[in-house]
$ cat coords_11.txt   # compact mmCIF, C-alpha atoms
# COMPACT_ATOMS: atom_id res chain seq x y z
CA MET I 1 0.00 0.00 0.00
CA TYR I 2 1.33 3.41 -1.00
CA LEU I 3 1.07 6.35 1.39
CA VAL I 4 -0.03 9.61 -0.25
CA GLU I 5 0.19 12.61 2.08
CA PRO I 6 -0.98 16.14 1.19
CA ILE I 7 2.51 17.57 1.65
CA ARG I 8 3.57 20.53 -0.46
CA ASP I 9 6.92 22.28 -0.11
CA GLY I 10 7.38 20.43 3.17
CA LYS I 11 4.02 21.56 4.60
CA PHE I 12 1.03 19.33 5.40
CA MET I 13 -1.93 20.96 3.60
CA THR I 14 -5.10 21.29 5.69
CA ASP I 15 -7.53 22.90 3.24
CA GLY I 16 -10.72 20.84 2.92
CA ALA I 17 -11.22 21.48 -0.80
CA THR I 18 -7.61 20.51 -1.51
CA SER I 19 -7.89 17.27 0.47
CA LEU I 20 -10.96 16.27 -1.52
CA ALA I 21 -9.39 17.27 -4.84
CA ILE I 22 -6.32 15.09 -4.16
CA GLN I 23 -8.50 12.01 -3.66
CA VAL I 24 -10.57 12.69 -6.78
CA TYR I 25 -7.46 13.40 -8.86
CA ALA I 26 -5.84 10.16 -7.65
CA GLN I 27 -8.81 8.09 -8.81
CA LYS I 28 -7.92 8.81 -12.43
CA HIS I 29 -4.24 9.68 -12.39
CA ILE I 30 -2.38 7.86 -9.59
CA LYS I 31 -2.27 4.14 -10.31
CA PRO I 32 0.90 2.53 -8.96
CA GLY I 33 -0.60 -0.95 -9.17
CA GLU I 34 -1.24 -1.16 -5.42
CA ALA I 35 -3.66 0.26 -2.90
CA LEU I 36 -3.34 3.89 -1.80
CA ILE I 37 -3.97 5.43 1.62
CA PHE I 38 -4.63 9.15 2.05
CA PRO I 39 -4.46 10.60 5.58
CA TYR I 40 -5.89 14.09 5.94
CA ILE I 41 -6.56 16.60 8.69
CA CYS I 42 -8.52 19.71 7.79
CA ASP I 43 -9.18 23.20 9.00
CA PRO I 44 -12.80 23.57 10.24
CA HIS I 45 -15.31 23.26 7.40
CA VAL I 46 -18.50 21.47 6.39
CA GLN I 47 -18.54 18.89 3.62
CA ILE I 48 -21.92 18.28 1.98
CA GLY I 49 -23.19 15.49 -0.25
CA ARG I 50 -23.57 15.83 -4.01
CA PHE I 51 -27.33 16.30 -3.87
CA GLN I 52 -27.71 18.38 -0.71
CA ASN I 53 -28.97 21.93 -0.37
CA PRO I 54 -26.45 23.85 1.78
CA GLU I 55 -29.02 26.52 2.61
CA LYS I 56 -31.02 23.89 4.49
CA GLU I 57 -28.19 21.71 5.81
CA VAL I 58 -25.70 24.13 7.36
CA GLY I 59 -25.63 26.96 9.88
CA LYS I 60 -24.58 29.51 7.31
CA LYS I 61 -24.37 32.46 9.70
CA PHE I 62 -22.12 30.53 12.10
CA LEU I 63 -19.89 29.42 9.24
CA GLU I 64 -19.55 32.97 7.93
CA GLU I 65 -18.78 34.36 11.39
CA HIS I 66 -16.00 31.78 11.83
CA ASN I 67 -14.74 31.88 8.24
CA MET I 68 -15.54 28.20 7.68
CA PRO I 69 -16.09 27.13 4.06
CA VAL I 70 -18.54 24.61 2.65
CA VAL I 71 -17.15 21.95 0.30
CA ARG I 72 -19.42 19.84 -1.94
CA ARG I 73 -18.19 16.35 -2.78
CA ASP I 74 -19.07 14.31 -5.88
CA THR I 75 -20.67 11.46 -3.94
CA GLY I 76 -23.99 11.40 -2.11
CA GLY I 77 -24.68 11.14 1.60
CA GLY I 78 -25.11 13.70 4.33
CA ALA I 79 -23.35 16.78 5.62
CA ILE I 80 -20.37 16.32 7.95
CA TYR I 81 -18.36 18.75 10.06
CA LEU I 82 -14.58 18.38 10.03
CA ASP I 83 -11.97 20.21 12.05
CA ASN I 84 -8.40 19.52 13.10
CA GLY I 85 -9.67 17.26 15.88
CA SER I 86 -10.88 14.80 13.24
CA VAL I 87 -8.18 12.56 11.78
CA ASN I 88 -9.31 11.02 8.52
CA PHE I 89 -8.19 8.24 6.21
CA CYS I 90 -9.29 7.50 2.66
CA PHE I 91 -8.31 4.52 0.53
CA LEU I 92 -8.22 3.43 -3.09
CA LEU I 93 -8.22 -0.36 -2.97
CA PRO I 94 -8.34 -3.06 -5.65
CA LEU I 95 -12.00 -3.77 -6.28
CA GLU I 96 -13.09 -6.97 -4.59
CA ASP I 97 -16.79 -7.75 -4.68
CA SER I 98 -16.55 -9.32 -1.24
CA LEU I 99 -15.44 -6.02 0.31
CA VAL I 100 -18.05 -3.74 -1.27
CA GLY I 101 -20.48 -2.77 1.47
CA ASP I 102 -18.72 -4.96 4.06
CA TYR I 103 -17.89 -2.37 6.70
CA LYS I 104 -16.91 -5.00 9.24
CA GLN I 105 -14.07 -6.11 6.99
CA PHE I 106 -13.28 -2.54 5.94
CA TYR I 107 -13.04 -1.34 9.55
CA ALA I 108 -11.11 -4.36 10.89
CA PRO I 109 -7.60 -2.85 10.46
CA ALA I 110 -8.68 0.43 12.11
CA ILE I 111 -10.24 -1.41 15.07
CA ALA I 112 -7.06 -3.44 15.54
CA ALA I 113 -4.95 -0.28 15.29
CA LEU I 114 -7.03 1.58 17.87
CA LYS I 115 -6.94 -1.35 20.28
CA ASN I 116 -3.15 -1.44 19.99
CA ILE I 117 -2.94 2.15 21.25
CA GLY I 118 -5.28 1.62 24.15
CA VAL I 119 -8.82 2.03 22.80
CA THR I 120 -9.92 -1.38 24.00
CA GLU I 121 -13.66 -0.64 24.08
CA ILE I 122 -13.92 0.21 20.39
CA ASN I 123 -16.65 -1.68 18.50
CA GLN I 124 -18.50 -1.48 15.23
CA LYS I 125 -22.18 -0.66 15.54
CA GLY I 126 -24.88 -0.32 12.95
CA ARG I 127 -23.89 -0.41 9.32
CA ASN I 128 -20.90 1.91 9.19
CA ASP I 129 -20.05 3.42 12.59
CA LEU I 130 -17.48 2.79 15.30
CA VAL I 131 -18.53 3.41 18.89
CA ILE I 132 -17.07 3.52 22.38
CA HIS I 133 -19.68 2.66 25.02
CA ASP I 134 -22.38 3.18 22.36
CA LYS I 135 -21.14 6.70 21.53
CA LYS I 136 -20.03 7.30 17.95
CA VAL I 137 -16.37 8.04 17.23
CA SER I 138 -16.23 7.23 13.52
CA GLY I 139 -18.31 7.00 10.37
CA ALA I 140 -17.33 5.31 7.12
CA ALA I 141 -18.37 5.28 3.47
CA MET I 142 -17.28 3.41 0.35
CA MET I 143 -18.16 3.12 -3.33
CA PRO I 144 -16.74 1.40 -6.42
CA VAL I 145 -14.88 3.76 -8.79
CA GLY I 146 -13.90 1.97 -11.99
CA ASP I 147 -11.73 -0.99 -11.05
CA ARG I 148 -11.05 0.29 -7.53
CA LEU I 149 -12.92 0.77 -4.28
CA TYR I 150 -12.92 4.31 -2.91
CA GLY I 151 -13.67 4.51 0.80
CA GLY I 152 -12.69 6.13 4.02
CA PHE I 153 -13.51 6.96 7.60
CA SER I 154 -13.10 9.76 10.12
CA LEU I 155 -11.76 9.30 13.64
CA LEU I 156 -12.95 11.82 16.22
CA LEU I 157 -9.80 12.41 18.25
CA ASP I 158 -11.10 15.55 19.96
CA ILE I 159 -13.59 17.31 17.72
CA ASP I 160 -15.52 20.37 18.96
CA PRO I 161 -19.15 19.18 19.53
CA GLU I 162 -20.56 22.69 19.84
CA ALA I 163 -19.02 23.82 16.57
CA MET I 164 -20.25 20.62 14.96
CA VAL I 165 -23.86 21.32 15.89
CA LYS I 166 -23.78 25.02 15.05
CA SER I 167 -22.19 24.27 11.68
CA LEU I 168 -24.76 21.64 10.75
CA THR I 169 -27.91 23.28 12.14
CA PRO I 170 -29.87 25.97 10.30
CA ASN I 171 -30.02 29.13 12.39
CA ARG I 172 -32.61 28.28 15.01
CA GLN I 173 -31.39 28.79 18.55
CA LYS I 174 -33.75 26.21 20.09
CA LEU I 175 -32.63 23.58 17.58
CA ILE I 176 -28.99 24.43 18.26
CA SER I 177 -29.25 24.12 22.04
CA LYS I 178 -31.12 20.82 21.78
CA GLY I 179 -28.67 19.63 19.14
CA ILE I 180 -25.63 20.21 21.33
CA GLU I 181 -27.19 18.14 24.12
CA SER I 182 -28.07 15.41 21.61
CA VAL I 183 -24.59 15.29 20.08
CA ARG I 184 -22.93 15.08 23.49
CA ALA I 185 -25.22 12.17 24.31
CA ARG I 186 -24.49 10.31 21.05
CA VAL I 187 -20.91 11.27 20.13
CA THR I 188 -17.64 11.11 22.03
CA ASN I 189 -13.95 11.70 21.37
CA ILE I 190 -11.23 9.07 21.21
CA ARG I 191 -8.54 10.90 23.19
CA PRO I 192 -9.83 10.07 26.73
CA HIS I 193 -9.74 6.37 25.80
CA LEU I 194 -6.14 6.25 24.55
CA ALA I 195 -3.46 4.53 26.65
CA ASP I 196 -1.86 6.86 29.20
CA LYS I 197 1.32 7.33 27.19
CA TYR I 198 -0.71 8.60 24.23
CA GLN I 199 -2.97 11.02 26.12
CA ASP I 200 -1.03 14.10 25.00
CA VAL I 201 -0.45 13.19 21.35
CA THR I 202 -1.08 15.88 18.77
CA ASN I 203 -3.42 15.21 15.88
CA MET I 204 -0.40 14.69 13.60
CA GLU I 205 1.18 12.24 16.05
CA PHE I 206 -2.12 10.34 16.27
CA LYS I 207 -2.23 10.23 12.46
CA ASP I 208 1.26 8.75 12.39
CA LEU I 209 0.41 6.20 15.10
CA MET I 210 -2.56 5.02 13.08
CA LEU I 211 -0.56 4.95 9.84
CA LYS I 212 2.13 2.76 11.37
CA GLU I 213 -0.54 0.33 12.54
CA LEU I 214 -2.47 0.38 9.25
CA LEU I 215 0.68 0.01 7.15
CA GLN I 216 2.23 -2.46 9.61
CA VAL I 217 5.58 -0.68 9.83
CA ASP I 218 7.63 0.30 12.87
CA ASP I 219 8.70 3.59 11.30
CA LEU I 220 6.96 5.59 8.57
CA ALA I 221 10.34 5.92 6.87
CA GLU I 222 9.76 2.28 5.89
CA ALA I 223 6.45 3.06 4.16
CA LYS I 224 6.18 3.10 0.39
CA ARG I 225 5.19 6.60 -0.68
CA TYR I 226 3.79 8.30 -3.70
CA ILE I 227 5.10 11.88 -3.66
CA LEU I 228 2.82 14.39 -5.37
CA THR I 229 4.73 16.09 -8.19
CA ASP I 230 4.52 19.69 -9.39
CA GLU I 231 2.44 18.39 -12.29
CA ASP I 232 0.07 16.67 -9.86
CA TRP I 233 -0.26 19.81 -7.77
CA ALA I 234 -1.01 21.95 -10.83
CA ALA I 235 -3.90 19.65 -11.75
CA ILE I 236 -5.11 19.53 -8.13
CA ASP I 237 -5.01 23.33 -7.90
CA GLN I 238 -7.13 23.51 -11.05
CA LEU I 239 -9.69 21.11 -9.57
CA VAL I 240 -9.89 23.24 -6.41
CA GLU I 241 -10.29 26.49 -8.32
CA GLU I 242 -12.74 25.26 -10.93
CA LYS I 243 -14.78 22.98 -8.72
CA TYR I 244 -14.32 22.31 -5.02
CA SER I 245 -13.89 25.92 -3.87
CA ASN I 246 -16.00 27.35 -6.69
CA TRP I 247 -19.21 29.05 -5.55
CA ASP I 248 -21.17 27.73 -8.54
CA TRP I 249 -20.29 24.12 -7.66
CA VAL I 250 -20.86 24.47 -3.92
CA TYR I 251 -24.00 26.62 -3.95
CA GLY I 252 -25.10 26.79 -7.57
CA GLN I 253 -26.02 23.10 -7.53
CA SER I 254 -28.70 23.72 -4.90
CA PRO I 255 -32.30 22.86 -5.85
CA GLN I 256 -35.08 25.41 -5.94
CA TYR I 257 -36.78 26.02 -2.61
CA GLU I 258 -38.87 28.65 -0.87
CA TYR I 259 -38.88 30.12 2.60
CA ASN I 260 -40.37 32.95 4.66
CA ARG I 261 -38.81 35.06 7.37
CA SER I 262 -40.61 37.49 9.65
CA GLU I 263 -39.45 39.85 12.39
CA ARG I 264 -40.84 42.72 14.45
CA PHE I 265 -38.88 45.98 14.17
CA ASP I 266 -39.51 49.49 15.51
CA ILE I 267 -41.11 50.41 12.17
CA GLY I 268 -43.44 47.39 12.32
CA THR I 269 -43.39 43.76 11.21
CA ILE I 270 -41.54 42.83 8.04
CA GLU I 271 -42.05 39.48 6.34
CA VAL I 272 -39.85 38.37 3.45
CA SER I 273 -40.98 35.56 1.15
CA LEU I 274 -38.26 34.20 -1.13
CA SER I 275 -37.90 31.63 -3.87
CA ILE I 276 -34.30 30.50 -4.26
CA GLN I 277 -32.86 28.85 -7.36
CA ALA I 278 -29.19 27.77 -7.44
CA SER I 279 -28.60 29.88 -4.31
CA ARG I 280 -29.81 33.05 -6.04
CA ILE I 281 -33.03 34.90 -5.32
CA ASP I 282 -35.48 33.97 -8.06
CA GLN I 283 -38.59 35.64 -6.60
CA CYS I 284 -39.00 38.05 -3.70
CA LYS I 285 -41.99 39.56 -1.92
CA ILE I 286 -41.87 41.85 1.11
CA TYR I 287 -44.94 42.18 3.33
CA GLY I 288 -45.68 43.88 6.63
CA ASP I 289 -47.58 46.48 8.62
CA PHE I 290 -44.92 49.18 8.21
CA PHE I 291 -45.46 52.53 6.45
CA SER I 292 -43.52 53.22 3.26
CA LYS I 293 -43.13 56.35 1.16
CA GLY I 294 -41.62 54.43 -1.75
CA ASP I 295 -42.56 51.43 -3.88
CA VAL I 296 -41.24 48.37 -2.04
CA SER I 297 -41.31 46.40 -5.30
CA GLU I 298 -38.17 48.36 -6.25
CA VAL I 299 -36.37 46.69 -3.33
CA GLU I 300 -37.75 43.31 -4.39
CA GLN I 301 -36.49 43.80 -7.94
CA ALA I 302 -33.07 44.87 -6.69
CA LEU I 303 -32.73 41.57 -4.83
CA ILE I 304 -33.81 39.26 -7.67
CA GLY I 305 -30.85 37.45 -9.20
CA THR I 306 -28.62 38.12 -6.20
CA ARG I 307 -26.60 35.36 -4.54
CA THR I 308 -27.66 34.65 -0.98
CA GLU I 309 -24.38 35.94 0.43
CA ARG I 310 -24.20 38.89 2.82
CA GLU I 311 -21.88 41.04 0.72
CA ASP I 312 -23.85 40.38 -2.47
CA LEU I 313 -27.15 41.29 -0.81
CA LEU I 314 -25.74 44.50 0.66
CA GLU I 315 -24.27 45.41 -2.72
CA ALA I 316 -27.67 44.86 -4.38
CA LEU I 317 -29.30 47.25 -1.88
CA HIS I 318 -26.52 49.84 -2.14
CA GLY I 319 -27.71 53.07 -3.69
CA LEU I 320 -31.37 52.64 -2.78
CA GLU I 321 -32.84 55.40 -0.62
CA PHE I 322 -33.67 52.92 2.10
CA GLU I 323 -35.46 55.35 4.38
CA GLN I 324 -38.03 55.92 1.61
CA TYR I 325 -39.07 52.29 1.90
CA PHE I 326 -38.47 51.33 5.51
CA GLY I 327 -37.89 54.49 7.54
CA ALA I 328 -35.29 53.85 10.26
CA LEU I 329 -34.60 50.27 9.15
CA ASN I 330 -31.15 49.90 7.57
CA PRO I 331 -30.01 47.48 4.82
CA GLU I 332 -28.00 45.39 7.28
CA GLN I 333 -31.16 44.63 9.27
CA LEU I 334 -33.03 43.49 6.17
CA VAL I 335 -30.11 41.30 5.10
CA ASP I 336 -29.95 39.81 8.60
CA LEU I 337 -33.63 38.91 8.27
CA ILE I 338 -33.12 37.31 4.85
CA LEU I 339 -30.22 35.21 6.10
CA SER I 340 -31.71 34.35 9.50
$ encode --input "coords_11.txt" --output "structure tokens"
Amino acid sequence: MYLVEPIRDGKFMTDGATSLAIQVYAQKHIKPGEALIFPYICDPHVQIGRFQNPEKEVGKKFLEEHNMPVVRRDTGGGAIYLDNGSVNFCFLLPLEDSLVGDYKQFYAPAIAALKNIGVTEINQKGRNDLVIHDKKVSGAAMMPVGDRLYGGFSLLLDIDPEAMVKSLTPNRQKLISKGIESVRARVTNIRPHLADKYQDVTNMEFKDLMLKELLQVDDLAEAKRYILTDEDWAAIDQLVEEKYSNWDWVYGQSPQYEYNRSERFDIGTIEVSLSIQASRIDQCKIYGDFFSKGDVSEVEQALIGTRTEREDLLEALHGLEFEQYFGALNPEQLVDLILS
């Protein structure tokens, strides 16, 4: 098995879009004749499935406030939160029909590795999870890609449960508070269960411990490696730019949906009814019991076609004599309502 690490100019790359692009690039272009293993640790971000609507799956306001991106993968499934407390491993394996969908067999090396570093209570539960005392510490996925099996799993070394919930919950405070309690009841971290001598390992040291176990080597210097070339990196950069960090891929794939938002302000109640297509406002109606000197349809028209991003919405409203429509209400308040 060849080890492929996201190392560039001596630095371990932690960008979520880049990590995904490396794996996708390798499916077509890195074929050494043996299996590949890709360890990756990412800066905080949310990864969504191919067919998901990010507007309904993520806490967009929280992500924006903490500068966390959303990355859309090519495969299906649900949204997941990743940060540098999650140590992840993906594989490209020779396709064996017996392994497809067999998570017990797929997880067996990881379970053995974790037990060897002190996590003795680790077990597989359900179809594709690992648990410690019935609390989830890992989830896995796999799918055939040509003549190889593409699969992987995350290991929750010490992920932030509050950030996880706020990242994956649309902006409703009651849902968020209940969600945090629920996650803490269902999810745990691996670190407290490691052997004493491993309690203070960094995420990179934990990655290396797992790699040595998975590759069955005493020192990673013994591991066979595929080193990404400048040519590889150029193609990976292009994938990131054109797809995985591209707004049109991440948000423009979203299906059409509608929603309403209402709030009481000093000027009265304002209700906004929106139809969203590909994360742009397709239709907009503004209702309420406020008094207006201007024609509010001019505000509605200004918003149509605009991306549902704060800066884009503010730019669309720039230049309008806002007090003519909403008195003391300012554009920032209307945008907050739209994005709430």
$ atom_distance --input "coords_11.txt" --atom1 "atom CA of Gly85 of chain I" --atom2 "atom CA of Asp43 of chain I"
9.1 Å
$ atom_distance --input "coords_11.txt" --atom1 "atom CA of Gln23 of chain I" --atom2 "atom CA of Ser167 of chain I"
23.9 Å
$ atom_distance --input "coords_11.txt" --atom1 "atom CA of Tyr2 of chain I" --atom2 "atom CA of Val217 of chain I"
12.3 Å
$ closest_residue --input "coords_11.txt" --among "I:Pro39, I:Gly252, I:Gly305, I:Gly146" --to "Lys212 of chain I" --atoms "only C-alpha atoms"
I:Pro39
$ closest_residue --input "coords_11.txt" --among "I:Leu95, I:Ile41, I:Leu215, I:Val87" --to "Ala17 of chain I" --atoms "all atoms listed in the file"
I:Ile41
$ residues_around --input "coords_11.txt" --residues "Glu321 of chain I" --least-positions-apart "3" --cutoff "12 Å" --atoms "only C-alpha atoms" --output "ChimeraX atom specification"
/I:292-296,298-299,317-318,324-331
$ residues_around --input "coords_11.txt" --residues "Arg148 of chain I" --least-positions-apart "5" --cutoff "7 Å" --atoms "only C-alpha atoms" --output "list in words"
Leu92, Leu93, Pro94 and Leu95 of chain I
$ residues_around --input "coords_11.txt" --residues "segment 30-37 of chain I" --least-positions-apart "2" --cutoff "10 Å" --atoms "all atoms listed in the file" --output "number ranges by chain"
I: 1-5, 22-28, 39-40, 89-95, 148-152, 211, 214-215, 224-226, 228, 232
$ closest_residue --input "coords_11.txt" --among "I:Tyr259, I:Tyr198, I:Tyr107, I:Phe291" --to "Leu155 of chain I" --atoms "only C-alpha atoms"
I:Tyr107
$ residues_near_point --input "coords_11.txt" --point "(-14.7, 1.6, 18.7)" --cutoff "8 Å" --atoms "all atoms listed in the file" --output "tab-separated table (two decimals) with C-alpha atoms, keeping the file's coordinate frame"
chain	number	residue	atom	x	y	z
I	111	ILE	CA	-10.24	-1.41	15.07
I	114	LEU	CA	-7.03	1.58	17.87
I	119	VAL	CA	-8.82	2.03	22.80
I	120	THR	CA	-9.92	-1.38	24.00
I	121	GLU	CA	-13.66	-0.64	24.08
I	122	ILE	CA	-13.92	0.21	20.39
I	123	ASN	CA	-16.65	-1.68	18.50
I	124	GLN	CA	-18.50	-1.48	15.23
I	130	LEU	CA	-17.48	2.79	15.30
I	131	VAL	CA	-18.53	3.41	18.89
I	132	ILE	CA	-17.07	3.52	22.38
I	136	LYS	CA	-20.03	7.30	17.95
I	137	VAL	CA	-16.37	8.04	17.23
I	138	SER	CA	-16.23	7.23	13.52
$ closest_atom_pairs --input "coords_11.txt" --of "segment 206-260 of chain I" --to "segment 48-68 of chain I" --cutoff "12 Å" --atoms "all atoms listed in the file" --output "tab-separated table"
residue	atom	partner	partner_atom	distance
I:Tyr244	CA	I:Ile48	CA	11.1
I:Ser245	CA	I:Met68	CA	11.9
I:Trp247	CA	I:Pro54	CA	11.5
I:Trp249	CA	I:Arg50	CA	9.6
I:Val250	CA	I:Pro54	CA	8.0
I:Tyr251	CA	I:Pro54	CA	6.8
I:Gly252	CA	I:Asn53	CA	9.5
I:Gln253	CA	I:Asn53	CA	7.8
I:Ser254	CA	I:Asn53	CA	4.9
I:Pro255	CA	I:Asn53	CA	6.5
I:Gln256	CA	I:Asn53	CA	9.0
I:Tyr257	CA	I:Asn53	CA	9.1
I:Glu258	CA	I:Lys56	CA	10.6
I:Tyr259	CA	I:Lys56	CA	10.2
$ residues_near_point --input "coords_11.txt" --point "(-34.7, 32.4, -8.7)" --cutoff "12 Å" --atoms "only C-alpha atoms" --output "MDAnalysis selection string"
chainID I and resid 252 254:258 274:284 301 303:308
$ closest_residue --input "coords_11.txt" --among "I:Ile190, I:Leu99, I:Ile117, I:Leu313" --to "Leu209 of chain I" --atoms "all atoms listed in the file"
I:Ile117
